[in-house]
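**Q** Below you will find the structure I want to go over with you.
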Amino acid sequence: MISLTVLGSGSSGNCAVLRSENACLLIDAGLSSRRICQRLEMVGLTVNDLDGILLTHEHGDHTQGLEVFCRVSKAPLFSTSYTQAALRDHFVKSSPTWRLMQTGSVFEFKDLRIECFPVPHDAVDPVGFLICDHESRLGVLSDVGYVPNLIRDRLGGVHTLFMEANYDAILLDEDTRRPWPTKQRISGKHGHLSNDQAAELVEHIAHSGLYQVVLGHLSEDCNHPDIARSRIELALREKAAHARVICADRHAPTPWLEVAMKMLLPV
Ligand SMILES: [Zn+2]
Ligand SMILES: [Zn+2]
């Protein structure tokens, strides 16, 4: 069974860990290295427990701790070749091992099957992940401007969806601190997902085996966990009212979350 904990998530930094029976992977390294190490410890892990680091894209809020972290971690970095090219020059005091993924490909790693699929976002080659072991399926959808059919199809049947719900459309519209071009970037096709867009995807993929939706990347000024959670709960009401909705915090790790609930799995 795969379990997930989000070490921290928000516009300022994103980092999560998943573990299965045989594998332990970091997803992005957007907190400082020191903070990643502290939070790993808070969830009962050390740097040496990691078997790899999956990278969704090169933006700083997903990679800012990576170079320093790679001085203490020998875990290989899984990224696409374009993302590697965008990041390579940052590695001045560490030389990590790269394991290149082809966008749209599937690969096996220990007891996991990992599929990386392209997502629309203003990075060089951003990807989302579908990560499965023999009994559970986890969808990881970080920064994404909108949800094309390909993503909906990939995420059908997941037991847990970890996805961004970046902003509430009204709060973003009313925000006085962001200039208009920034608002356009955030809400554009290569920006981020609103609560409504996230809800639309959740409604589409909801099924009786969907156990939970973990929301991340919430904007500090233009979203609120209560607003995001209730919007997603509404989207689940018809087909997966039993599913729980958890908002990841920027300041502290979530508990370990089992990706599927055993009683919902087919025998
Ligand atoms: Zn990004
Ligand atoms: Zn981001």
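Residues in the structure tokens are numbered from 1 in each chain, the chains being A, B, ... in the order shown, and ligands are numbered from 1 in the order shown.
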List every residue of stretch 28-266 of chain A that DSSP, applied to the backbone, labels as strand (DSSP E or B), and write the result as a PyMOL selection string.
**A** chain A and resi 52-54+77-80+98-101+106-109+112-118+127-132+137-141+160-164+167+194+212-216+244-247+257-258
**Q** Could you save those same residues with N, CA and C atoms as a compact mmCIF listing (two decimals), in the first residue's frame?
**A**
```txt
# COMPACT_ATOMS: atom_id res chain seq x y z
N GLY A 52 14.79 8.05 -4.22
CA GLY A 52 14.77 8.88 -5.41
C GLY A 52 13.98 10.16 -5.16
N ILE A 53 14.15 11.10 -6.09
CA ILE A 53 13.42 12.38 -6.01
C ILE A 53 12.74 12.62 -7.35
N LEU A 54 11.42 12.65 -7.33
CA LEU A 54 10.67 12.91 -8.56
C LEU A 54 10.47 14.41 -8.71
N LEU A 77 17.81 11.73 -9.16
CA LEU A 77 16.73 12.67 -9.52
C LEU A 77 16.03 12.14 -10.77
N PHE A 78 14.73 12.02 -10.67
CA PHE A 78 13.91 11.60 -11.81
C PHE A 78 13.30 12.86 -12.43
N SER A 79 13.72 13.17 -13.64
CA SER A 79 13.12 14.34 -14.31
C SER A 79 13.12 14.10 -15.81
N THR A 80 12.46 14.96 -16.54
CA THR A 80 12.56 14.88 -18.00
C THR A 80 13.88 15.56 -18.41
N TRP A 98 21.19 11.47 -12.42
CA TRP A 98 19.90 11.77 -13.06
C TRP A 98 19.33 10.50 -13.67
N ARG A 99 18.05 10.29 -13.49
CA ARG A 99 17.33 9.21 -14.17
C ARG A 99 16.28 9.90 -15.03
N LEU A 100 16.53 9.91 -16.33
CA LEU A 100 15.65 10.70 -17.19
C LEU A 100 14.36 9.95 -17.54
N MET A 101 13.27 10.69 -17.44
CA MET A 101 11.96 10.13 -17.79
C MET A 101 11.54 10.77 -19.11
N VAL A 106 5.97 5.26 -19.18
CA VAL A 106 5.73 4.53 -17.93
C VAL A 106 7.03 3.81 -17.58
N PHE A 107 7.41 3.83 -16.32
CA PHE A 107 8.57 3.05 -15.92
C PHE A 107 8.31 2.38 -14.57
N GLU A 108 9.09 1.35 -14.33
CA GLU A 108 8.96 0.62 -13.08
C GLU A 108 10.10 1.04 -12.17
N PHE A 109 9.81 1.22 -10.91
CA PHE A 109 10.87 1.49 -9.93
C PHE A 109 10.53 0.73 -8.66
N LEU A 112 6.98 -0.02 -7.65
CA LEU A 112 6.07 1.01 -8.18
C LEU A 112 6.07 1.05 -9.70
N ARG A 113 4.91 1.43 -10.23
CA ARG A 113 4.78 1.69 -11.65
C ARG A 113 4.47 3.18 -11.75
N ILE A 114 5.31 3.90 -12.45
CA ILE A 114 5.18 5.37 -12.47
C ILE A 114 4.97 5.84 -13.90
N GLU A 115 3.92 6.58 -14.07
CA GLU A 115 3.64 7.15 -15.39
C GLU A 115 3.76 8.66 -15.26
N CYS A 116 4.53 9.28 -16.15
CA CYS A 116 4.56 10.75 -16.10
C CYS A 116 3.90 11.28 -17.36
N PHE A 117 3.02 12.22 -17.17
CA PHE A 117 2.25 12.74 -18.30
C PHE A 117 2.38 14.27 -18.37
N PRO A 118 2.31 14.84 -19.58
CA PRO A 118 2.52 16.29 -19.71
C PRO A 118 1.35 17.09 -19.15
N VAL A 127 5.32 17.97 -15.70
CA VAL A 127 4.62 16.68 -15.74
C VAL A 127 3.80 16.45 -14.47
N GLY A 128 2.83 15.57 -14.60
CA GLY A 128 2.11 15.03 -13.46
C GLY A 128 2.45 13.55 -13.39
N PHE A 129 2.02 12.88 -12.31
CA PHE A 129 2.37 11.47 -12.14
C PHE A 129 1.15 10.63 -11.78
N LEU A 130 1.17 9.42 -12.28
CA LEU A 130 0.27 8.39 -11.79
C LEU A 130 1.18 7.31 -11.21
N ILE A 131 1.05 7.05 -9.93
CA ILE A 131 1.98 6.15 -9.24
C ILE A 131 1.17 5.01 -8.62
N CYS A 132 1.51 3.79 -9.01
CA CYS A 132 0.71 2.63 -8.56
C CYS A 132 1.61 1.57 -7.96
N ARG A 137 -3.51 3.32 -6.19
CA ARG A 137 -3.19 4.26 -7.29
C ARG A 137 -3.26 5.69 -6.77
N LEU A 138 -2.16 6.39 -6.97
CA LEU A 138 -2.05 7.78 -6.52
C LEU A 138 -1.85 8.69 -7.73
N GLY A 139 -2.65 9.73 -7.83
CA GLY A 139 -2.47 10.73 -8.88
C GLY A 139 -1.82 11.97 -8.27
N VAL A 140 -0.81 12.50 -8.95
CA VAL A 140 -0.13 13.71 -8.48
C VAL A 140 -0.23 14.75 -9.59
N LEU A 141 -0.94 15.82 -9.28
CA LEU A 141 -1.14 16.87 -10.27
C LEU A 141 -0.80 18.20 -9.61
N THR A 160 -6.28 8.03 -4.43
CA THR A 160 -6.01 9.34 -3.84
C THR A 160 -5.52 10.27 -4.94
N LEU A 161 -6.04 11.48 -4.92
CA LEU A 161 -5.56 12.50 -5.84
C LEU A 161 -4.93 13.61 -5.01
N PHE A 162 -3.64 13.85 -5.26
CA PHE A 162 -2.95 14.98 -4.63
C PHE A 162 -2.82 16.04 -5.72
N MET A 163 -3.54 17.13 -5.57
CA MET A 163 -3.59 18.11 -6.64
C MET A 163 -3.58 19.54 -6.11
N GLU A 164 -3.29 20.46 -7.00
CA GLU A 164 -3.31 21.85 -6.56
C GLU A 164 -4.72 22.43 -6.66
N TYR A 167 -6.23 28.90 -6.22
CA TYR A 167 -6.89 30.16 -5.87
C TYR A 167 -8.41 30.06 -5.97
N SER A 194 -7.84 26.98 -10.32
CA SER A 194 -8.73 27.56 -9.31
C SER A 194 -9.43 26.42 -8.57
N GLN A 212 -9.57 9.68 -1.05
CA GLN A 212 -9.31 11.03 -0.56
C GLN A 212 -8.74 11.94 -1.63
N VAL A 213 -8.93 13.23 -1.41
CA VAL A 213 -8.35 14.26 -2.26
C VAL A 213 -7.50 15.14 -1.34
N VAL A 214 -6.23 15.26 -1.68
CA VAL A 214 -5.32 16.08 -0.89
C VAL A 214 -5.04 17.34 -1.70
N LEU A 215 -5.39 18.47 -1.14
CA LEU A 215 -5.23 19.73 -1.88
C LEU A 215 -3.94 20.42 -1.46
N GLY A 216 -3.21 20.92 -2.44
CA GLY A 216 -1.96 21.61 -2.15
C GLY A 216 -1.85 22.91 -2.93
N ARG A 244 -12.57 11.72 1.74
CA ARG A 244 -12.22 12.86 2.59
C ARG A 244 -11.35 13.84 1.82
N VAL A 245 -11.39 15.08 2.26
CA VAL A 245 -10.62 16.14 1.61
C VAL A 245 -9.68 16.74 2.65
N ILE A 246 -8.40 16.76 2.31
CA ILE A 246 -7.39 17.26 3.24
C ILE A 246 -6.63 18.39 2.57
N CYS A 247 -6.45 19.49 3.28
CA CYS A 247 -5.63 20.59 2.73
C CYS A 247 -4.24 20.50 3.33
N LEU A 257 -0.70 9.49 5.03
CA LEU A 257 -2.04 9.19 4.51
C LEU A 257 -1.98 7.95 3.63
N GLU A 258 -2.67 6.92 4.00
CA GLU A 258 -2.72 5.75 3.13
C GLU A 258 -3.48 6.13 1.87
```
**Q** Write as a list of chain:residue names the residues around ligand 1, taking 9 Å as the cut-off and counting only C-alpha atoms and all ligand atoms.
**A**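 The residues near ligand 1 are A:Ser11, A:Thr56, A:His57, A:Glu58, A:His59, A:Gly60, A:Asp61, A:His62, A:His121, A:Asp122, A:Ala123, A:Pro126, A:Ser142, A:Asp143, A:Val144, A:Gly191, A:His192.
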**Q** Might you pull out every residue within 10 Å of A:Ser12, with only C-alpha atoms counted and same-chain residues fewer than 4 positions away left off, and present them as a ChimeraX atom specification?
**A** /A:8,30-31,60-62,64,217-220,250
**Q** Which of stretch 155-216 of chain A end up as helix (DSSP H, G or I) when DSSP is run on this backbone - answer as a list in words?
**A**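 After running DSSP on the backbone, stretch 155-216 of chain A has helix (DSSP H, G or I) at Leu155, Ala169, Ile170, Leu171, Leu172, Asp173, Glu174, Trp180, Pro181, Thr182, Lys183, Gln184, Arg185, Ile186, Ser187, Asn195, Asp196, Gln197, Ala198, Ala199, Glu200, Leu201, Val202, Glu203, His204 and Ile205 of chain A.
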**Q** I'd like the contact shell of stretch 13-20 of chain A - 7 Å cut-off, only C-alpha atoms, skipping same-chain residues fewer than 6 positions apart - returned as a list in words.
**A**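 Result of the neighbour search: Met1, Ile2, Ser3, Leu4, Thr5, Val6, Leu7, Leu26, Ile27, Asp28, Ala29, Gly30, Leu31, Asp61 and His62 of chain A.
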**Q** Generate a file of the selected residues that holds C-alpha atoms, formatted as an mmCIF file, in the first residue's frame.
**A**
```cif
data_model
loop_
_atom_site.group_PDB
_atom_site.id
_atom_site.type_symbol
_atom_site.label_atom_id
_atom_site.label_comp_id
_atom_site.auth_asym_id
_atom_site.auth_seq_id
_atom_site.Cartn_x
_atom_site.Cartn_y
_atom_site.Cartn_z
ATOM 1 C CA MET A 1 0.000 0.000 0.000
ATOM 2 C CA ILE A 2 1.346 3.453 -0.907
ATOM 3 C CA SER A 3 1.276 6.164 1.765
ATOM 4 C CA LEU A 4 1.778 9.858 1.222
ATOM 5 C CA THR A 5 2.727 12.780 3.399
ATOM 6 C CA VAL A 6 2.944 16.352 2.181
ATOM 7 C CA LEU A 7 5.906 17.917 3.973
ATOM 8 C CA LEU A 26 10.464 12.593 -2.487
ATOM 9 C CA ILE A 27 8.198 14.530 -4.838
ATOM 10 C CA ASP A 28 9.777 17.937 -5.540
ATOM 11 C CA ALA A 29 12.179 19.781 -3.255
ATOM 12 C CA GLY A 30 10.726 23.263 -2.984
ATOM 13 C CA LEU A 31 11.575 23.814 0.688
ATOM 14 C CA ASP A 61 8.868 26.644 -5.419
ATOM 15 C CA HIS A 62 9.476 22.992 -6.419
#
```
**Q** Which residues come within 12 Å of A:Glu200, counting only C-alpha atoms, excluding same-chain residues fewer than 3 positions away, as a ChimeraX atom specification?
**A** /A:146-149,152,165,193-197,203-206,231-236
**Q** Between atom CA of A:Ala243 and atom CA of A:Tyr211, what is the spacing in Å?
**A** 4.7 Å
**Q** Measuring between only C-alpha atoms, which one of A:Thr182, A:Trp256, A:Val158, A:Gln102 shows the shortest distance to A:Leu45?
**A**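 Checking each of A:Thr182, A:Trp256, A:Val158, A:Gln102 against A:Leu45, counting only C-alpha atoms, the winner is A:Trp256.
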**Q** Which residues come within 12 Å of A:Thr46, counting only C-alpha atoms, excluding same-chain residues fewer than 2 positions away, as an MDAnalysis selection string?
**A** chainID A and resid 17 24:26 34 36:44 48:51 72:73 75
**Q** For the selection you just gave me, I'd like the residues written to a file as a short mmCIF file (atom, residue, chain, number, x, y, z; two decimals), in the first residue's frame, keeping all heavy atoms.
**A**
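New file part_18.cif:
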```
data_model
loop_
_atom_site.label_atom_id
_atom_site.label_comp_id
_atom_site.auth_asym_id
_atom_site.auth_seq_id
_atom_site.Cartn_x
_atom_site.Cartn_y
_atom_site.Cartn_z
N VAL A 17 6.38 13.29 0.23
CA VAL A 17 7.06 12.00 0.21
C VAL A 17 6.02 10.90 0.05
O VAL A 17 4.93 10.98 0.63
CB VAL A 17 7.76 11.66 1.55
CG1 VAL A 17 8.74 10.50 1.36
CG2 VAL A 17 8.47 12.83 2.14
N CYS A 24 10.79 4.59 -1.38
CA CYS A 24 10.49 5.85 -0.69
C CYS A 24 10.98 6.99 -1.58
O CYS A 24 12.17 7.07 -1.90
CB CYS A 24 11.22 5.85 0.66
SG CYS A 24 10.81 7.25 1.69
N LEU A 25 10.06 7.82 -2.03
CA LEU A 25 10.40 8.85 -3.01
C LEU A 25 9.96 10.23 -2.53
O LEU A 25 8.84 10.40 -2.04
CB LEU A 25 9.69 8.58 -4.34
CG LEU A 25 10.07 7.30 -5.10
CD1 LEU A 25 9.14 7.12 -6.29
CD2 LEU A 25 11.52 7.38 -5.58
N LEU A 26 10.84 11.20 -2.72
CA LEU A 26 10.46 12.59 -2.49
C LEU A 26 9.81 13.09 -3.77
O LEU A 26 10.26 12.73 -4.87
CB LEU A 26 11.74 13.39 -2.18
CG LEU A 26 11.62 14.72 -1.44
CD1 LEU A 26 11.21 14.47 0.01
CD2 LEU A 26 12.94 15.48 -1.47
N ARG A 34 17.45 22.33 4.69
CA ARG A 34 17.37 22.16 6.14
C ARG A 34 15.93 21.80 6.56
O ARG A 34 15.68 20.92 7.37
CB ARG A 34 17.82 23.46 6.83
CG ARG A 34 18.08 23.35 8.32
CD ARG A 34 18.75 24.62 8.80
NE ARG A 34 17.92 25.80 8.52
CZ ARG A 34 17.07 26.34 9.38
NH1 ARG A 34 16.93 25.84 10.59
NH2 ARG A 34 16.35 27.40 9.06
N ILE A 36 13.59 20.49 4.64
CA ILE A 36 13.22 19.14 4.16
C ILE A 36 13.71 18.11 5.16
O ILE A 36 12.97 17.19 5.56
CB ILE A 36 13.80 18.86 2.75
CG1 ILE A 36 13.19 19.80 1.71
CG2 ILE A 36 13.53 17.40 2.34
CD1 ILE A 36 13.85 19.73 0.33
N CYS A 37 14.97 18.27 5.61
CA CYS A 37 15.53 17.30 6.57
C CYS A 37 14.73 17.30 7.87
O CYS A 37 14.41 16.24 8.41
CB CYS A 37 17.01 17.62 6.85
SG CYS A 37 18.06 17.35 5.41
N GLN A 38 14.39 18.50 8.35
CA GLN A 38 13.60 18.60 9.59
C GLN A 38 12.26 17.90 9.44
O GLN A 38 11.82 17.15 10.30
CB GLN A 38 13.31 20.06 9.94
CG GLN A 38 14.47 20.81 10.53
CD GLN A 38 14.19 22.32 10.58
OE1 GLN A 38 13.22 22.82 9.98
NE2 GLN A 38 15.05 23.05 11.28
N ARG A 39 11.62 18.16 8.32
CA ARG A 39 10.26 17.59 8.16
C ARG A 39 10.30 16.10 7.87
O ARG A 39 9.39 15.38 8.25
CB ARG A 39 9.50 18.38 7.09
CG ARG A 39 9.30 19.81 7.58
CD ARG A 39 8.21 20.57 6.93
NE ARG A 39 8.22 21.94 7.41
CZ ARG A 39 7.55 22.93 6.87
NH1 ARG A 39 6.79 22.71 5.82
NH2 ARG A 39 7.61 24.14 7.39
N LEU A 40 11.37 15.64 7.22
CA LEU A 40 11.52 14.19 7.06
C LEU A 40 11.58 13.54 8.44
O LEU A 40 10.94 12.53 8.70
CB LEU A 40 12.79 13.85 6.27
CG LEU A 40 12.75 14.04 4.76
CD1 LEU A 40 14.14 13.84 4.15
CD2 LEU A 40 11.76 13.08 4.10
N GLU A 41 12.35 14.17 9.31
CA GLU A 41 12.48 13.64 10.66
C GLU A 41 11.12 13.64 11.37
O GLU A 41 10.77 12.69 12.08
CB GLU A 41 13.46 14.52 11.44
CG GLU A 41 14.20 13.81 12.54
CD GLU A 41 15.31 14.69 13.09
OE1 GLU A 41 16.26 14.99 12.35
OE2 GLU A 41 15.19 15.10 14.25
N MET A 42 10.33 14.70 11.15
CA MET A 42 9.01 14.78 11.79
C MET A 42 8.08 13.64 11.36
O MET A 42 7.16 13.28 12.09
CB MET A 42 8.34 16.14 11.48
CG MET A 42 9.00 17.31 12.19
SD MET A 42 8.46 18.90 11.50
CE MET A 42 6.87 19.08 12.26
N VAL A 43 8.31 13.10 10.15
CA VAL A 43 7.45 11.99 9.69
C VAL A 43 8.16 10.65 9.83
O VAL A 43 7.74 9.64 9.24
CB VAL A 43 6.95 12.20 8.24
CG1 VAL A 43 6.13 13.49 8.14
CG2 VAL A 43 8.09 12.22 7.23
N GLY A 44 9.25 10.64 10.57
CA GLY A 44 9.91 9.38 10.91
C GLY A 44 10.90 8.88 9.87
O GLY A 44 11.21 7.68 9.83
N ASN A 48 18.62 9.28 4.31
CA ASN A 48 19.08 7.99 3.77
C ASN A 48 17.94 7.04 3.41
O ASN A 48 18.17 6.04 2.73
CB ASN A 48 20.01 7.29 4.78
CG ASN A 48 21.25 8.12 5.00
OD1 ASN A 48 21.72 8.80 4.08
ND2 ASN A 48 21.78 8.11 6.21
N ASP A 49 16.74 7.33 3.87
CA ASP A 49 15.60 6.48 3.52
C ASP A 49 15.13 6.71 2.08
O ASP A 49 14.38 5.89 1.54
CB ASP A 49 14.42 6.73 4.47
CG ASP A 49 14.72 6.24 5.87
OD1 ASP A 49 15.28 5.14 6.01
OD2 ASP A 49 14.43 6.97 6.84
N LEU A 50 15.52 7.81 1.49
CA LEU A 50 14.99 8.15 0.16
C LEU A 50 15.68 7.35 -0.94
O LEU A 50 16.90 7.26 -0.98
CB LEU A 50 15.17 9.64 -0.13
CG LEU A 50 14.41 10.61 0.78
CD1 LEU A 50 14.78 12.04 0.43
CD2 LEU A 50 12.90 10.41 0.65
N ASP A 51 14.88 6.81 -1.84
CA ASP A 51 15.41 6.06 -2.98
C ASP A 51 15.45 6.90 -4.25
O ASP A 51 16.02 6.49 -5.26
CB ASP A 51 14.54 4.83 -3.27
CG ASP A 51 14.49 3.89 -2.08
OD1 ASP A 51 15.56 3.47 -1.62
OD2 ASP A 51 13.36 3.58 -1.61
N VAL A 72 23.63 16.23 0.63
CA VAL A 72 23.49 15.24 1.70
C VAL A 72 22.75 13.97 1.25
O VAL A 72 22.86 12.93 1.88
CB VAL A 72 22.76 15.83 2.95
CG1 VAL A 72 23.64 16.86 3.63
CG2 VAL A 72 21.40 16.39 2.60
N SER A 73 22.01 14.06 0.17
CA SER A 73 21.26 12.90 -0.31
C SER A 73 21.89 12.35 -1.58
O SER A 73 22.24 13.11 -2.49
CB SER A 73 19.81 13.30 -0.60
OG SER A 73 19.16 12.29 -1.31
N ALA A 75 20.20 10.17 -3.38
CA ALA A 75 19.06 9.66 -4.14
C ALA A 75 19.07 10.24 -5.56
O ALA A 75 19.32 11.43 -5.75
CB ALA A 75 17.76 10.04 -3.44
#
```
**Q** Could you check the closest approach to A:Thr103 for each of A:Asp89, A:Asp125, A:Asp175, A:Glu238 and tell me which residue wins, using only C-alpha atoms?
**A**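 Of A:Asp89, A:Asp125, A:Asp175, A:Glu238, the one nearest A:Thr103 is A:Asp125, counting only C-alpha atoms.
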**Q** Closest to ligand 2 among A:His224, A:His190, A:Lys262, A:His242, using only C-alpha atoms and all ligand atoms?
**A**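 Of A:His224, A:His190, A:Lys262, A:His242, the one nearest ligand 2, counting only C-alpha atoms and all ligand atoms, is A:His190.
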**Q** Of the residues A:Tyr82, A:Asn166, A:Val124, A:Leu155, which is the one nearest to ligand 2, using only C-alpha atoms and all ligand atoms?
**A** A:Asn166
**Q** Please measure the separation of atom CA of A:Gln184 and atom CA of A:Asp226, giving the value in Å to one decimal.
**A**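 These two atoms are separated by 24.4 Å.
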**Q** So what do you get for atom CA of A:Thr254 versus atom CA of A:Lys110, distance-wise?
**A**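 Those two atoms sit 24.9 Å apart.
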**Q** Considering only C-alpha atoms, state which residue in the set A:His207, A:Arg185, A:Arg178, A:Lys93 is at the smallest distance from A:His159.
**A** A:His207
